[in-house]
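Okay, so here's the structure we're looking at.
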Amino acid sequence: MFSVFEKIKNFFKSKHMKRIAESSDTSRLFWLIKKEKDIGKIQCMLSNYVTVLSSDEILEIISKMPVKNRLDMLSSYKRYITPYDLSEFIVKKLDTDWKIKALNEFKDILDIFDIYKIFENISPDKRIEALDVIVDRLDSSNLADMIKKYVPYSQRKEAILKYDNQLDVFSKVGIIKKMPSNDIAEVLEKYKDILSSSNILEILDKVPSSKIEKVINVVKDKLTSSSLADIITYKALEKDRLNLLLECSDYIEPAMIADIIKNALDNENRKIAILHLKDKLDEKLIGEIVQYYLKDDKELIEQLKNNMYEEDYNYLKKIG
């Protein structure tokens, strides 16, 4: 006597064999389904013969259906469809909103490269919405990669703040380097305490000289004296150097302040800098700057009388 289980198994087996027998020529069967115009009949025929159709044949039949029916049919027959064919269908046969719904439905069976391919074909203004759907499938590195590759330039600040908890420090640095300069200062303000000085310098290297002053003012307390001096001297625009020096002087050693005044400023700005920063410089440094660059400025020499060695003052008065 057969068990109930065996009876059920034999029933389905006989039904399956009957279907194959009814149409051993699958290409003709596929042609008949494609030729059918009635949506209800197509759905019924596909349901009956899905087991003898190939993945791409199933998808071609589904592609003939109204767009609103395609996702439900993909879900119904997903075990008969290869992930590669599925991703190709999503890319080519669904619009952006349906692509996002499909990502939500199939994110666990699509590999990361299929997901990338789908993202390339999602409208840019919808990509953060799409990221929300599959963020739990991504590690920090993949998420950062998606943001850098697919999220529009102007929306990357929104993305890094939105996915703050999912991104490690290394990933955050990579994203910040690919953000608009105007957004970098704001983001650095938030993250500067978790970034190393080398992280910050790596980011600053990508900031154009015209924007460096705004960004430096956010992170000046996180950089070494030497780094600040190098940025002011070699990175900042000439017109911005004086302001940057004055703004960062509390974080720069006196000898390096003197080097910036000597090597990065013209005489007009040297005079302004030395008058503003005279209390941060010792007599020797002030004497050197005046002797080599400003020795003809009698008014300045008088203003600095109490900040120089007496012999230096007398010497400069004499040659003046």
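Labels for the structure tokens follow display order: chains A, B, ..., residues from 1 in each chain, ligands from 1.
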
- Who sits within 10 Å of Leu285 of chain A, only C-alpha atoms, same chain under 3 positions skipped, as an MDAnalysis selection string: chainID A and resid 254:255 257:259 274 278 280:282 288:291 307:308

- Query: Leaving out segment 91-103 of chain A and any residue of its chain fewer than 6 positions from it, which residues lie within 12 Å of it when counting only C-alpha atoms, given as a PyMOL selection string?
  - Reply: chain A and resi 59-75+78+83-85+109-112+114-137

Selection above as a file: C-alpha atoms, as a PDB file, in the first residue's frame:
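Okay, part.pdb is ready:
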```pdb
ATOM      1  CA  LEU A  59      11.404  36.022 -19.417  1.00  0.00           C
ATOM      2  CA  GLU A  60      10.559  36.699 -23.038  1.00  0.00           C
ATOM      3  CA  ILE A  61       6.974  35.642 -22.344  1.00  0.00           C
ATOM      4  CA  ILE A  62       6.840  37.849 -19.228  1.00  0.00           C
ATOM      5  CA  SER A  63       8.185  40.777 -21.257  1.00  0.00           C
ATOM      6  CA  LYS A  64       5.019  40.597 -23.408  1.00  0.00           C
ATOM      7  CA  MET A  65       2.867  41.217 -20.360  1.00  0.00           C
ATOM      8  CA  PRO A  66       1.776  44.674 -19.137  1.00  0.00           C
ATOM      9  CA  VAL A  67       4.494  46.340 -17.050  1.00  0.00           C
ATOM     10  CA  LYS A  68       2.316  46.275 -13.929  1.00  0.00           C
ATOM     11  CA  ASN A  69       2.127  42.447 -14.103  1.00  0.00           C
ATOM     12  CA  ARG A  70       5.797  41.737 -14.725  1.00  0.00           C
ATOM     13  CA  LEU A  71       7.142  41.934 -11.175  1.00  0.00           C
ATOM     14  CA  ASP A  72       4.466  39.582  -9.820  1.00  0.00           C
ATOM     15  CA  MET A  73       5.235  37.093 -12.563  1.00  0.00           C
ATOM     16  CA  LEU A  74       8.968  37.355 -11.925  1.00  0.00           C
ATOM     17  CA  SER A  75       8.298  36.600  -8.276  1.00  0.00           C
ATOM     18  CA  LYS A  78      11.937  33.186  -9.894  1.00  0.00           C
ATOM     19  CA  PRO A  83      20.022  35.481 -11.599  1.00  0.00           C
ATOM     20  CA  TYR A  84      21.903  36.695 -14.683  1.00  0.00           C
ATOM     21  CA  ASP A  85      18.776  36.555 -16.871  1.00  0.00           C
ATOM     22  CA  ILE A 109      19.475  36.349  -5.066  1.00  0.00           C
ATOM     23  CA  LEU A 110      21.285  38.976  -7.140  1.00  0.00           C
ATOM     24  CA  ASP A 111      25.048  39.231  -6.785  1.00  0.00           C
ATOM     25  CA  ILE A 112      26.772  42.556  -6.230  1.00  0.00           C
ATOM     26  CA  ASP A 114      24.186  42.448 -11.028  1.00  0.00           C
ATOM     27  CA  ILE A 115      23.156  45.112  -8.509  1.00  0.00           C
ATOM     28  CA  TYR A 116      25.804  47.478  -9.905  1.00  0.00           C
ATOM     29  CA  LYS A 117      24.474  46.875 -13.429  1.00  0.00           C
ATOM     30  CA  ILE A 118      20.938  47.684 -12.342  1.00  0.00           C
ATOM     31  CA  PHE A 119      22.078  50.856 -10.562  1.00  0.00           C
ATOM     32  CA  GLU A 120      23.725  52.108 -13.740  1.00  0.00           C
ATOM     33  CA  ASN A 121      20.281  52.084 -15.311  1.00  0.00           C
ATOM     34  CA  ILE A 122      18.345  53.738 -12.487  1.00  0.00           C
ATOM     35  CA  SER A 123      17.524  57.418 -12.855  1.00  0.00           C
ATOM     36  CA  PRO A 124      20.165  59.419 -10.884  1.00  0.00           C
ATOM     37  CA  ASP A 125      17.544  61.229  -8.819  1.00  0.00           C
ATOM     38  CA  LYS A 126      16.258  57.856  -7.553  1.00  0.00           C
ATOM     39  CA  ARG A 127      19.564  56.243  -6.623  1.00  0.00           C
ATOM     40  CA  ILE A 128      19.539  57.110  -2.930  1.00  0.00           C
ATOM     41  CA  GLU A 129      16.017  55.669  -2.768  1.00  0.00           C
ATOM     42  CA  ALA A 130      17.362  52.519  -4.432  1.00  0.00           C
ATOM     43  CA  LEU A 131      20.272  52.386  -1.996  1.00  0.00           C
ATOM     44  CA  ASP A 132      17.797  52.375   0.892  1.00  0.00           C
ATOM     45  CA  VAL A 133      16.366  49.163  -0.514  1.00  0.00           C
ATOM     46  CA  ILE A 134      19.624  47.194  -0.782  1.00  0.00           C
ATOM     47  CA  VAL A 135      21.857  48.820   1.860  1.00  0.00           C
ATOM     48  CA  ASP A 136      21.614  45.743   4.085  1.00  0.00           C
ATOM     49  CA  ARG A 137      23.206  43.698   1.272  1.00  0.00           C
TER      50      ARG A 137
END
```

- Please report, as an NGL selection string, each residue of segment 120-166 of chain A to which DSSP assigns helix (DSSP H, G or I) when run on this structure's backbone. :A and (120 or 124-137 or 140-150 or 153-162 or 164-166)

Could you please take those selected residues and save C-alpha atoms as a compact mmCIF listing (two decimals), in the first residue's frame?
```
# COMPACT_ATOMS: atom_id res chain seq x y z
CA GLU A 120 23.72 52.11 -13.74
CA PRO A 124 20.17 59.42 -10.88
CA ASP A 125 17.54 61.23 -8.82
CA LYS A 126 16.26 57.86 -7.55
CA ARG A 127 19.56 56.24 -6.62
CA ILE A 128 19.54 57.11 -2.93
CA GLU A 129 16.02 55.67 -2.77
CA ALA A 130 17.36 52.52 -4.43
CA LEU A 131 20.27 52.39 -2.00
CA ASP A 132 17.80 52.37 0.89
CA VAL A 133 16.37 49.16 -0.51
CA ILE A 134 19.62 47.19 -0.78
CA VAL A 135 21.86 48.82 1.86
CA ASP A 136 21.61 45.74 4.09
CA ARG A 137 23.21 43.70 1.27
CA SER A 140 31.07 49.35 4.01
CA SER A 141 33.37 49.12 1.01
CA ASN A 142 30.58 48.22 -1.44
CA LEU A 143 28.32 50.95 -0.07
CA ALA A 144 31.06 53.56 -0.45
CA ASP A 145 31.72 52.31 -3.98
CA MET A 146 28.03 52.63 -4.86
CA ILE A 147 27.92 56.19 -3.53
CA LYS A 148 31.07 57.24 -5.40
CA LYS A 149 29.99 55.62 -8.67
CA TYR A 150 26.24 56.13 -8.81
CA TYR A 153 27.88 64.59 -7.09
CA SER A 154 25.49 67.03 -5.42
CA GLN A 155 23.84 64.30 -3.31
CA ARG A 156 26.93 62.62 -1.86
CA LYS A 157 26.88 64.71 1.30
CA GLU A 158 23.30 63.56 1.89
CA ALA A 159 24.36 59.96 1.28
CA ILE A 160 27.37 59.93 3.62
CA LEU A 161 25.31 61.44 6.43
CA LYS A 162 22.38 59.11 5.76
CA ASP A 164 26.84 57.17 8.65
CA ASN A 165 26.51 54.01 10.75
CA GLN A 166 27.15 51.65 7.84
```

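What separates atom CA of Ile212 of chain A from atom CA of Tyr234 of chain A is a distance of 11.3 Å.
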
- atom CA of Leu277 of chain A and atom CA of Ser227 of chain A, how far apart in Å? 19.2 Å
